[in-house]
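start_7.csv, holding CSV, C-alpha atoms:
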```csv
chain,number,residue,atom,x,y,z
A,458,MET,CA,-19.8,-13.3,-2.5
A,459,SER,CA,-23.2,-12.3,-3.7
A,460,HIS,CA,-26.0,-12.3,-1.3
A,461,THR,CA,-29.5,-13.0,-2.6
A,462,GLY,CA,-31.3,-13.5,0.6
A,463,SER,CA,-33.5,-16.3,1.8
A,464,GLY,CA,-36.7,-14.4,2.2
A,465,GLY,CA,-36.7,-15.3,5.9
A,466,ASP,CA,-37.0,-12.9,8.9
A,467,GLY,CA,-33.3,-13.2,9.9
A,468,MET,CA,-31.0,-10.2,9.8
A,469,ASP,CA,-29.0,-11.8,7.1
A,470,GLY,CA,-31.9,-12.4,4.8
A,471,ARG,CA,-34.0,-9.8,3.0
A,472,GLY,CA,-37.0,-10.6,5.2
A,473,GLY,CA,-39.2,-8.6,7.5
A,474,LEU,CA,-36.8,-7.4,10.1
A,475,TRP,CA,-34.2,-6.2,7.6
A,476,LYS,CA,-36.9,-4.5,5.6
A,477,ARG,CA,-38.1,-2.7,8.6
A,478,ILE,CA,-34.6,-1.6,9.5
A,479,ARG,CA,-34.1,-0.3,6.0
A,480,HIS,CA,-37.4,1.5,6.2
A,481,TRP,CA,-36.3,3.2,9.4
A,482,MET,CA,-32.9,4.1,7.9
A,483,SER,CA,-34.5,5.5,4.8
A,484,TRP,CA,-37.3,7.6,6.4
A,485,GLY,CA,-37.4,7.3,10.2
A,486,LEU,CA,-33.8,8.0,11.3
A,487,HIS,CA,-32.5,11.5,10.9
A,488,GLY,CA,-29.1,11.4,9.2
A,489,ALA,CA,-29.2,7.7,8.3
A,490,MET,CA,-27.3,6.7,5.1
A,491,THR,CA,-27.6,3.9,2.5
A,492,CYS,CA,-25.0,1.2,2.2
A,493,GLU,CA,-23.7,2.9,-1.0
A,494,GLU,CA,-23.2,6.2,0.8
A,495,PHE,CA,-21.5,4.3,3.7
A,496,ASP,CA,-19.2,2.6,1.1
A,497,ARG,CA,-18.2,6.0,-0.4
A,498,GLY,CA,-17.2,7.3,3.1
A,499,LEU,CA,-15.0,4.4,4.1
A,500,VAL,CA,-11.6,5.8,3.0
A,501,ASP,CA,-12.2,9.1,4.9
A,502,TYR,CA,-13.7,7.3,7.8
A,503,LEU,CA,-10.7,5.0,8.3
A,504,ASP,CA,-8.3,7.9,7.7
A,505,GLY,CA,-10.1,9.8,10.5
A,506,ASN,CA,-10.9,12.6,8.1
A,507,LEU,CA,-14.6,12.8,8.6
A,508,GLY,CA,-16.3,15.5,10.6
A,509,PRO,CA,-18.3,14.5,13.7
A,510,VAL,CA,-21.7,14.3,11.9
A,511,ALA,CA,-20.4,12.2,9.0
A,512,LYS,CA,-18.5,10.0,11.4
A,513,ARG,CA,-21.6,9.4,13.5
A,514,GLN,CA,-23.6,8.5,10.3
A,515,ILE,CA,-21.0,5.9,9.4
A,516,GLU,CA,-21.0,4.4,12.9
A,517,LEU,CA,-24.8,4.4,13.1
A,518,HIS,CA,-25.0,2.6,9.8
A,519,THR,CA,-22.5,0.1,11.0
A,520,VAL,CA,-24.6,-0.6,14.0
A,521,LEU,CA,-27.9,-0.9,12.1
A,522,CYS,CA,-26.7,-2.7,8.9
A,523,PRO,CA,-25.3,-6.2,9.5
A,524,HIS,CA,-24.1,-6.4,5.9
A,525,CYS,CA,-22.0,-3.2,6.2
A,526,HIS,CA,-20.9,-4.2,9.7
A,527,ARG,CA,-19.4,-7.4,8.2
A,528,TYR,CA,-18.2,-5.7,5.1
A,529,LEU,CA,-16.2,-3.1,7.1
A,530,ARG,CA,-14.6,-5.9,9.1
A,531,ALA,CA,-13.5,-7.8,6.0
A,532,TYR,CA,-12.3,-4.6,4.3
A,533,ASP,CA,-10.3,-3.5,7.2
A,534,ARG,CA,-8.9,-7.0,7.6
A,535,ALA,CA,-7.9,-7.2,4.0
A,536,ARG,CA,-6.0,-3.9,4.4
A,537,ARG,CA,-4.2,-5.2,7.4
A,538,VAL,CA,-3.3,-8.6,5.9
A,539,ALA,CA,-2.1,-6.9,2.7
A,540,GLY,CA,0.4,-4.8,4.7
A,541,GLU,CA,1.6,-7.9,6.7
A,542,ALA,CA,2.0,-9.9,3.5
A,543,LEU,CA,4.0,-7.3,1.7
A,544,ARG,CA,6.2,-6.6,4.8
A,545,GLU,CA,7.0,-10.3,5.1
A,546,ALA,CA,8.2,-10.3,1.4
A,547,ASP,CA,10.5,-7.4,2.3
A,548,GLU,CA,12.1,-9.3,5.1
A,549,GLU,CA,12.8,-12.1,2.7
A,550,ALA,CA,14.3,-9.7,0.2
A,551,LEU,CA,16.6,-8.3,2.8
A,552,LYS,CA,18.2,-11.7,3.3
A,553,THR,CA,19.6,-11.8,-0.2
A,554,VAL,CA,20.9,-8.5,-1.5
A,555,PRO,CA,22.3,-9.0,-5.0
A,556,GLU,CA,26.0,-8.2,-4.8
A,557,ASP,CA,26.1,-7.5,-8.6
A,558,LEU,CA,23.6,-4.7,-8.1
A,559,VAL,CA,25.6,-3.2,-5.2
A,560,GLN,CA,28.8,-3.3,-7.3
A,561,ALA,CA,27.0,-1.8,-10.3
A,562,ILE,CA,25.8,1.2,-8.2
A,563,LEU,CA,29.2,1.8,-6.7
A,564,ALA,CA,30.9,1.5,-10.2
A,565,ALA,CA,28.3,3.9,-11.7
A,566,ARG,CA,29.0,6.4,-9.0
A,567,ARG,CA,32.8,6.1,-9.5
A,568,ASN,CA,32.4,6.4,-13.3
A,569,GLY,CA,30.1,9.4,-12.9
A,570,HIS,CA,32.7,11.2,-10.8
A,571,GLU,CA,35.5,10.4,-13.2
A,572,ALA,CA,33.4,11.6,-16.1
A,573,ALA,CA,32.7,14.8,-14.2
A,574,GLY,CA,36.4,15.2,-13.3
A,575,ASP,CA,35.6,15.1,-9.6
A,576,PRO,CA,38.4,13.4,-7.6
A,577,GLY,CA,36.0,12.8,-4.6
B,385,MET,CA,38.4,14.6,12.8
B,386,GLU,CA,40.2,13.7,9.5
B,387,ARG,CA,38.0,12.2,6.8
B,388,SER,CA,40.1,9.0,6.7
B,389,GLU,CA,39.6,8.5,10.4
B,390,THR,CA,35.8,8.3,10.2
B,391,GLY,CA,34.9,5.0,11.7
B,392,GLN,CA,32.0,2.6,11.3
B,393,GLN,CA,30.5,3.7,14.6
B,394,ASP,CA,30.6,7.4,13.5
B,395,LEU,CA,28.8,6.5,10.3
B,396,ASP,CA,26.0,4.8,12.3
B,397,ASP,CA,25.2,8.3,13.4
B,398,GLU,CA,22.8,9.7,10.8
B,399,ALA,CA,24.1,13.2,11.1
B,400,VAL,CA,27.7,12.1,10.6
B,401,LEU,CA,26.7,9.9,7.7
B,402,VAL,CA,25.0,12.8,5.9
B,403,GLU,CA,28.0,15.0,6.6
B,404,ARG,CA,30.4,12.4,5.1
B,405,LEU,CA,28.1,11.8,2.1
B,406,LYS,CA,28.1,15.5,1.4
B,407,ALA,CA,31.9,15.5,1.8
B,408,GLY,CA,32.2,12.7,-0.8
B,409,ASP,CA,33.4,10.0,1.5
B,410,GLU,CA,33.5,6.8,-0.5
B,411,ARG,CA,33.1,4.6,2.6
B,412,ALA,CA,30.0,6.4,3.5
B,413,TYR,CA,28.5,5.9,0.0
B,414,GLU,CA,29.4,2.2,0.1
B,415,LEU,CA,27.8,1.8,3.6
B,416,VAL,CA,24.6,3.4,2.4
B,417,VAL,CA,24.5,1.3,-0.8
B,418,ARG,CA,25.0,-1.9,1.2
B,419,ARG,CA,22.6,-0.9,3.9
B,420,GLU,CA,19.7,0.3,1.7
B,421,THR,CA,19.8,-1.7,-1.5
B,422,GLY,CA,17.8,-4.7,-0.3
B,423,ARG,CA,15.0,-2.5,1.1
B,424,LEU,CA,14.9,-0.3,-2.0
B,425,LEU,CA,14.9,-3.3,-4.3
B,426,ALA,CA,11.9,-4.7,-2.5
B,427,ALA,CA,10.0,-1.4,-2.9
B,428,ALA,CA,10.9,-1.2,-6.6
B,429,ARG,CA,10.0,-4.9,-7.2
B,430,ARG,CA,6.6,-4.5,-5.6
B,431,LEU,CA,5.7,-1.7,-8.1
B,432,VAL,CA,7.3,-2.7,-11.4
B,433,ARG,CA,7.2,-6.5,-10.9
B,434,ASP,CA,10.2,-7.1,-13.1
B,435,GLU,CA,13.6,-7.9,-11.6
B,436,ALA,CA,15.7,-6.1,-14.2
B,437,THR,CA,13.5,-3.0,-14.2
B,438,ALA,CA,13.6,-3.0,-10.4
B,439,HIS,CA,17.4,-3.1,-10.5
B,440,ASP,CA,17.4,-0.2,-12.9
B,441,CYS,CA,15.1,1.8,-10.7
B,442,VAL,CA,17.3,1.3,-7.6
B,443,GLN,CA,20.4,2.2,-9.5
B,444,GLU,CA,18.8,5.3,-11.0
B,445,ALA,CA,17.6,6.3,-7.5
B,446,PHE,CA,21.0,6.0,-5.9
B,447,LEU,CA,22.7,8.0,-8.7
B,448,SER,CA,20.1,10.7,-8.6
B,449,ALA,CA,20.2,10.9,-4.8
B,450,PHE,CA,24.0,11.0,-4.8
B,451,ARG,CA,23.9,13.9,-7.3
B,452,ALA,CA,21.5,15.8,-5.1
B,453,ILE,CA,23.1,15.0,-1.8
B,454,ASP,CA,24.0,18.6,-1.2
B,455,SER,CA,20.3,19.5,-1.1
B,456,PHE,CA,19.4,16.7,1.3
B,457,GLU,CA,17.8,18.2,4.4
B,458,PRO,CA,17.6,16.0,7.5
B,459,ARG,CA,13.8,16.2,7.8
B,460,SER,CA,13.8,12.5,7.1
B,461,SER,CA,16.4,9.8,7.3
B,462,VAL,CA,18.7,9.0,4.3
B,463,GLY,CA,16.8,5.6,4.0
B,464,ALA,CA,13.4,7.2,3.8
B,465,TRP,CA,14.7,9.8,1.3
B,466,LEU,CA,16.1,7.1,-0.9
B,467,ASN,CA,12.9,5.1,-0.6
B,468,ARG,CA,10.9,8.0,-1.9
B,469,ILE,CA,13.3,8.6,-4.8
B,470,THR,CA,13.2,4.8,-5.7
B,471,ILE,CA,9.4,4.8,-5.6
B,472,ASN,CA,9.2,7.8,-7.8
B,473,ALA,CA,11.7,6.2,-10.3
B,474,ALA,CA,9.5,3.1,-10.3
B,475,LEU,CA,6.3,5.1,-10.9
B,476,MET,CA,8.0,6.9,-13.7
B,477,ARG,CA,8.7,3.6,-15.4
B,478,LEU,CA,5.1,2.5,-14.9
B,479,ARG,CA,3.9,5.8,-16.3
B,480,LYS,CA,6.2,5.6,-19.3
B,481,GLU,CA,4.9,2.1,-20.0
B,482,ARG,CA,1.3,3.4,-19.6
B,483,ARG,CA,0.6,0.9,-16.8
B,484,LEU,CA,-1.0,3.3,-14.4
B,485,ALA,CA,-4.3,3.7,-16.2
B,486,GLU,CA,-7.5,2.7,-14.4
B,487,THR,CA,-8.9,-0.5,-15.8
B,488,PRO,CA,-12.3,-2.0,-15.1
B,489,ILE,CA,-12.5,-4.3,-12.1
B,490,ASP,CA,-16.3,-4.1,-11.7
B,491,ASP,CA,-16.6,-7.8,-10.9
B,492,LEU,CA,-14.6,-7.4,-7.7
B,493,LEU,CA,-16.4,-4.3,-6.4
B,494,PRO,CA,-19.4,-4.1,-4.0
B,495,VAL,CA,-22.8,-4.5,-5.5
B,496,PHE,CA,-25.8,-2.3,-4.5
B,497,ASP,CA,-29.5,-2.5,-5.5
B,498,ALA,CA,-31.3,0.4,-7.1
B,499,ASP,CA,-32.0,2.0,-3.7
B,500,GLY,CA,-28.4,1.9,-2.6
B,501,TRP,CA,-28.5,-1.2,-0.3
B,502,ARG,CA,-25.7,-3.7,-0.3
B,503,ARG,CA,-26.2,-6.9,-2.1
B,504,ASP,CA,-23.0,-8.6,-1.3
B,505,LEU,CA,-22.6,-10.3,2.1
B,506,VAL,CA,-19.3,-11.4,3.6
B,507,ASP,CA,-18.7,-13.4,6.6
B,508,VAL,CA,-15.1,-13.2,7.9
B,509,PRO,CA,-14.0,-15.3,11.0
B,510,ASP,CA,-13.3,-13.1,14.0
B,511,ASP,CA,-9.7,-14.3,14.6
B,512,ASP,CA,-6.7,-15.0,12.5
B,513,PRO,CA,-5.6,-18.7,12.5
B,514,GLU,CA,-3.6,-19.7,15.5
B,515,SER,CA,-1.0,-21.6,13.6
B,516,GLU,CA,1.9,-19.5,12.2
B,517,LEU,CA,2.2,-21.9,9.3
B,518,GLU,CA,-1.4,-21.2,8.4
B,519,ARG,CA,-1.0,-17.5,8.7
B,520,ARG,CA,2.1,-17.7,6.5
B,521,ARG,CA,0.2,-19.5,3.9
B,522,ILE,CA,-2.5,-16.9,4.0
B,523,ARG,CA,0.1,-14.1,3.5
B,524,GLU,CA,1.5,-16.0,0.5
B,525,PHE,CA,-2.1,-16.3,-0.9
B,526,VAL,CA,-2.7,-12.6,-0.3
B,527,ARG,CA,0.6,-11.6,-2.0
B,528,ALA,CA,-0.5,-13.6,-5.1
B,529,LYS,CA,-3.8,-11.8,-5.1
B,530,ILE,CA,-2.2,-8.4,-4.7
B,531,ASP,CA,-0.2,-9.3,-7.8
B,532,MET,CA,-3.4,-9.9,-9.6
B,533,LEU,CA,-4.6,-6.3,-9.2
B,534,PRO,CA,-4.1,-4.1,-12.2
B,535,ASP,CA,-1.0,-1.8,-11.7
B,536,GLY,CA,-3.0,1.4,-11.2
B,537,TYR,CA,-4.9,-0.1,-8.2
B,538,ARG,CA,-2.0,-2.1,-6.8
B,539,THR,CA,0.1,1.0,-6.8
B,540,ALA,CA,-2.5,3.0,-5.0
B,541,LEU,CA,-2.8,0.3,-2.3
B,542,ILE,CA,1.0,0.1,-1.9
B,543,LEU,CA,1.6,3.8,-1.6
B,544,ARG,CA,-1.2,4.3,0.9
B,545,ASP,CA,-1.4,1.1,2.9
B,546,LEU,CA,2.2,-0.1,2.9
B,547,GLU,CA,4.4,3.0,2.3
B,548,GLY,CA,2.1,5.1,4.5
B,549,TRP,CA,2.0,8.1,2.0
B,550,SER,CA,-0.8,10.5,2.5
B,551,THR,CA,-3.6,10.8,0.0
B,552,ARG,CA,-2.2,14.0,-1.3
B,553,GLU,CA,1.3,12.6,-1.7
B,554,ALA,CA,0.1,9.5,-3.5
B,555,ALA,CA,-2.2,11.6,-5.7
B,556,GLU,CA,0.6,13.9,-6.7
B,557,ALA,CA,2.9,10.9,-7.5
B,558,LEU,CA,0.3,9.3,-9.6
B,559,GLY,CA,-0.7,12.5,-11.3
B,560,ILE,CA,-4.4,12.3,-10.3
B,561,ALA,CA,-6.7,14.5,-8.2
B,562,GLU,CA,-7.1,13.6,-4.4
B,563,GLY,CA,-10.7,12.6,-4.9
B,564,ALA,CA,-9.7,10.2,-7.7
B,565,MET,CA,-7.0,8.8,-5.5
B,566,LYS,CA,-9.5,8.0,-2.7
B,567,VAL,CA,-11.8,6.3,-5.2
B,568,ARG,CA,-8.9,4.3,-6.6
B,569,LEU,CA,-7.7,3.3,-3.2
B,570,HIS,CA,-11.2,2.3,-2.1
B,571,ARG,CA,-11.6,0.1,-5.2
B,572,ALA,CA,-8.2,-1.4,-4.7
B,573,ARG,CA,-9.0,-2.4,-1.2
B,574,ALA,CA,-12.5,-3.6,-2.1
B,575,ALA,CA,-11.1,-5.7,-5.0
B,576,LEU,CA,-8.4,-7.2,-2.8
B,577,LYS,CA,-11.1,-8.1,-0.2
B,578,SER,CA,-13.1,-9.9,-2.8
B,579,LEU,CA,-10.0,-11.7,-4.1
B,580,ILE,CA,-8.9,-13.0,-0.7
B,581,GLU,CA,-12.3,-13.7,0.8
B,582,PRO,CA,-12.4,-17.3,-0.4
B,583,ILE,CA,-9.6,-18.2,1.9
B,584,TRP,CA,-11.5,-16.7,4.9
B,585,THR,CA,-14.8,-18.5,3.9
B,586,GLY,CA,-13.0,-21.8,3.3
B,587,GLU,CA,-13.9,-21.9,-0.4
B,588,VAL,CA,-10.1,-22.3,-1.1
B,589,SER,CA,-7.4,-23.5,1.3
B,590,ALA,CA,-4.2,-21.6,1.9
```
Starting from the file, give its structure as structure tokens.
Amino acid sequence: MSHTGSGGDGMDGRGGLWKRIRHWMSWGLHGAMTCEEFDRGLVDYLDGNLGPVAKRQIELHTVLCPHCHRYLRAYDRARRVAGEALREADEEALKTVPEDLVQAILAARRNGHEAAGDPG
Amino acid sequence: MERSETGQQDLDDEAVLVERLKAGDERAYELVVRRETGRLLAAARRLVRDEATAHDCVQEAFLSAFRAIDSFEPRSSVGAWLNRITINAALMRLRKERRLAETPIDDLLPVFDADGWRRDLVDVPDDDPESELERRRIREFVRAKIDMLPDGYRTALILRDLEGWSTREAAEALGIAEGAMKVRLHRARAALKSLIEPIWTGEVSA
């Protein structure tokens, strides 16, 4: 969803308050990062691979930036739901194992052994 | 104990099972094939998305595993070992068919302004729906969206977020650098988020 802003003073708009926060993040807060830098650090952040300073920068940005706060929540949720959705498909697949495939694998093993002259 | 006397209960013990496989016990092989085929087929299907190719991958994986059974070391279970071999067989297929290349998905990625500030705004409800039926519909919707991802991204997502492989393992399997793997995974997750967002915002119903 693209956000264009309403021009109002709310946190969700591109109005006064958000502009002031951006200004503080750009110039006033030591170690603050932009949304794009935040985005680039997400994989390492969620893997727990960031050092303490970088981790603090990500967390500070999440507190200060409502857009990235929501983005992280959606990103993390998408990751979780994807896992759940695929695991559910696995459970369905386990209910119907194709017998012809099982037989083909067992026959291929037997044939392989016979071809190799292995009685086992 | 004589080979012929090895019972079902004994084969439930992983160490005994491995020993019997190494000794060439046909019952042990059949047990493993029956126990693991469904799971392996699901793993192969997810990657190659073609039933006949998935069957081939599982068959190849079993045969290659059986040939290498003497070198199996019990650091992992037989099931986990077979799973990895199956995934590698599926990735080999995708690579042969040149399906793992990174393709543009810019429309699904986050947008930033010239100063690096986010231009896309999402609003996700705090909680999952209470109804199991609704949650099931969402999972179906999500599966359809995962299928829409280009193979290179879908594969990255599956290896990391479902199979639980490390970045290094996934990068090696895909033949790319670890940094490139992280970028690909991030894009895959971001694209999936964009694809499933409409169901959270109510723009489409499950």
Exercise for review: Using all atoms listed in the file, collect all residues at a distance of at most 9 Å from (21.1, 14.1, -1.2) as written in the file, then present them as a VMD selection string.
Suggested key: chain B and resid 402 405 to 406 448 to 457 462 465 to 466
Could those selected residues go to a file with C-alpha atoms, as an mmCIF file, in the frame of the given file?
```
data_model
loop_
_atom_site.group_PDB
_atom_site.id
_atom_site.type_symbol
_atom_site.label_atom_id
_atom_site.label_comp_id
_atom_site.auth_asym_id
_atom_site.auth_seq_id
_atom_site.Cartn_x
_atom_site.Cartn_y
_atom_site.Cartn_z
ATOM 1 C CA VAL B 402 25.000 12.800 5.900
ATOM 2 C CA LEU B 405 28.100 11.800 2.100
ATOM 3 C CA LYS B 406 28.100 15.500 1.400
ATOM 4 C CA SER B 448 20.100 10.700 -8.600
ATOM 5 C CA ALA B 449 20.200 10.900 -4.800
ATOM 6 C CA PHE B 450 24.000 11.000 -4.800
ATOM 7 C CA ARG B 451 23.900 13.900 -7.300
ATOM 8 C CA ALA B 452 21.500 15.800 -5.100
ATOM 9 C CA ILE B 453 23.100 15.000 -1.800
ATOM 10 C CA ASP B 454 24.000 18.600 -1.200
ATOM 11 C CA SER B 455 20.300 19.500 -1.100
ATOM 12 C CA PHE B 456 19.400 16.700 1.300
ATOM 13 C CA GLU B 457 17.800 18.200 4.400
ATOM 14 C CA VAL B 462 18.700 9.000 4.300
ATOM 15 C CA TRP B 465 14.700 9.800 1.300
ATOM 16 C CA LEU B 466 16.100 7.100 -0.900
#
```
Which chain A residues have any atom within 7 Å of an atom of chain B, and for each, what is the nearest pair of atoms with distance in Å to one decimal, counting only C-alpha atoms, rows sorted by chain and number, as JSON lines?
```
{"residue": "A:Met458", "atom": "CA", "partner": "B:Asp504", "partner_atom": "CA", "distance": 5.8}
{"residue": "A:Ser459", "atom": "CA", "partner": "B:Asp504", "partner_atom": "CA", "distance": 4.4}
{"residue": "A:His460", "atom": "CA", "partner": "B:Asp504", "partner_atom": "CA", "distance": 4.8}
{"residue": "A:Thr461", "atom": "CA", "partner": "B:Arg503", "partner_atom": "CA", "distance": 7.0}
{"residue": "A:Thr491", "atom": "CA", "partner": "B:Gly500", "partner_atom": "CA", "distance": 5.5}
{"residue": "A:Cys492", "atom": "CA", "partner": "B:Trp501", "partner_atom": "CA", "distance": 4.9}
{"residue": "A:Glu493", "atom": "CA", "partner": "B:Gly500", "partner_atom": "CA", "distance": 5.1}
{"residue": "A:Val500", "atom": "CA", "partner": "B:His570", "partner_atom": "CA", "distance": 6.2}
{"residue": "A:His524", "atom": "CA", "partner": "B:Leu505", "partner_atom": "CA", "distance": 5.6}
{"residue": "A:Arg527", "atom": "CA", "partner": "B:Val506", "partner_atom": "CA", "distance": 6.1}
{"residue": "A:Tyr528", "atom": "CA", "partner": "B:Val506", "partner_atom": "CA", "distance": 6.0}
{"residue": "A:Ala531", "atom": "CA", "partner": "B:Val508", "partner_atom": "CA", "distance": 5.9}
{"residue": "A:Tyr532", "atom": "CA", "partner": "B:Lys577", "partner_atom": "CA", "distance": 5.8}
{"residue": "A:Ala535", "atom": "CA", "partner": "B:Lys577", "partner_atom": "CA", "distance": 5.4}
{"residue": "A:Arg536", "atom": "CA", "partner": "B:Arg573", "partner_atom": "CA", "distance": 6.5}
{"residue": "A:Val538", "atom": "CA", "partner": "B:Arg523", "partner_atom": "CA", "distance": 6.9}
{"residue": "A:Ala539", "atom": "CA", "partner": "B:Val526", "partner_atom": "CA", "distance": 6.5}
{"residue": "A:Gly540", "atom": "CA", "partner": "B:Leu546", "partner_atom": "CA", "distance": 5.3}
{"residue": "A:Ala542", "atom": "CA", "partner": "B:Arg523", "partner_atom": "CA", "distance": 4.6}
{"residue": "A:Leu543", "atom": "CA", "partner": "B:Arg527", "partner_atom": "CA", "distance": 6.6}
{"residue": "A:Asp547", "atom": "CA", "partner": "B:Ala426", "partner_atom": "CA", "distance": 5.7}
{"residue": "A:Ala550", "atom": "CA", "partner": "B:Gly422", "partner_atom": "CA", "distance": 6.1}
{"residue": "A:Leu551", "atom": "CA", "partner": "B:Gly422", "partner_atom": "CA", "distance": 4.9}
{"residue": "A:Val554", "atom": "CA", "partner": "B:Gly422", "partner_atom": "CA", "distance": 5.0}
{"residue": "A:Leu558", "atom": "CA", "partner": "B:His439", "partner_atom": "CA", "distance": 6.8}
{"residue": "A:Val559", "atom": "CA", "partner": "B:Val417", "partner_atom": "CA", "distance": 6.4}
{"residue": "A:Ile562", "atom": "CA", "partner": "B:Gln443", "partner_atom": "CA", "distance": 5.6}
{"residue": "A:Leu563", "atom": "CA", "partner": "B:Glu414", "partner_atom": "CA", "distance": 6.8}
{"residue": "A:Arg566", "atom": "CA", "partner": "B:Leu447", "partner_atom": "CA", "distance": 6.5}
{"residue": "A:Gly577", "atom": "CA", "partner": "B:Gly408", "partner_atom": "CA", "distance": 5.4}
```
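Between Leu521 of chain A and the residues A:Gly508, A:Phe495, A:Ala564, A:Asp501, the shortest atom-to-atom distance, using all atoms listed in the file, involves A:Phe495.
Within 8 Å of the point (5.7, -0.9, -12.9), counting all atoms listed in the file, the protein and nucleic acid residues come to B:Leu431, B:Val432, B:Arg433, B:Asp434, B:Ala474, B:Leu475, B:Arg477, B:Leu478, B:Arg479, B:Glu481, B:Arg483, B:Asp535.
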Axis-aligned box over every listed atom of segment 526-529 of chain B, padded by 3 Å per side: centre and edges in Å to one decimal, as lines of an AutoDock Vina configuration file?
```
center_x = -1.6
center_y = -12.6
center_z = -2.7
size_x = 10.4
size_y = 8.0
size_z = 10.8
```
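When all atoms listed in the file are used to measure the gap to Arg497 of chain A, the shortest distance among A:Leu529, A:Arg544, A:Leu517, A:Thr553 belongs to A:Leu529.
Interatomic distance, atom CA of Ala540 of chain B against atom CA of Leu558 of chain B: 8.3 Å.
Remark: for Arg538 of chain B, the closest of the candidate residues B:Thr437, B:Thr487, B:Asn467, B:Ser515 is B:Thr487 (distances computed over all atoms listed in the file).
Counting from atom CA of Gly559 of chain B, the distance to atom CA of Asn472 of chain B is 11.5 Å.
For the pair atom CA of Cys525 of chain A and atom CA of Ala564 of chain B, the interatomic distance is 22.9 Å.
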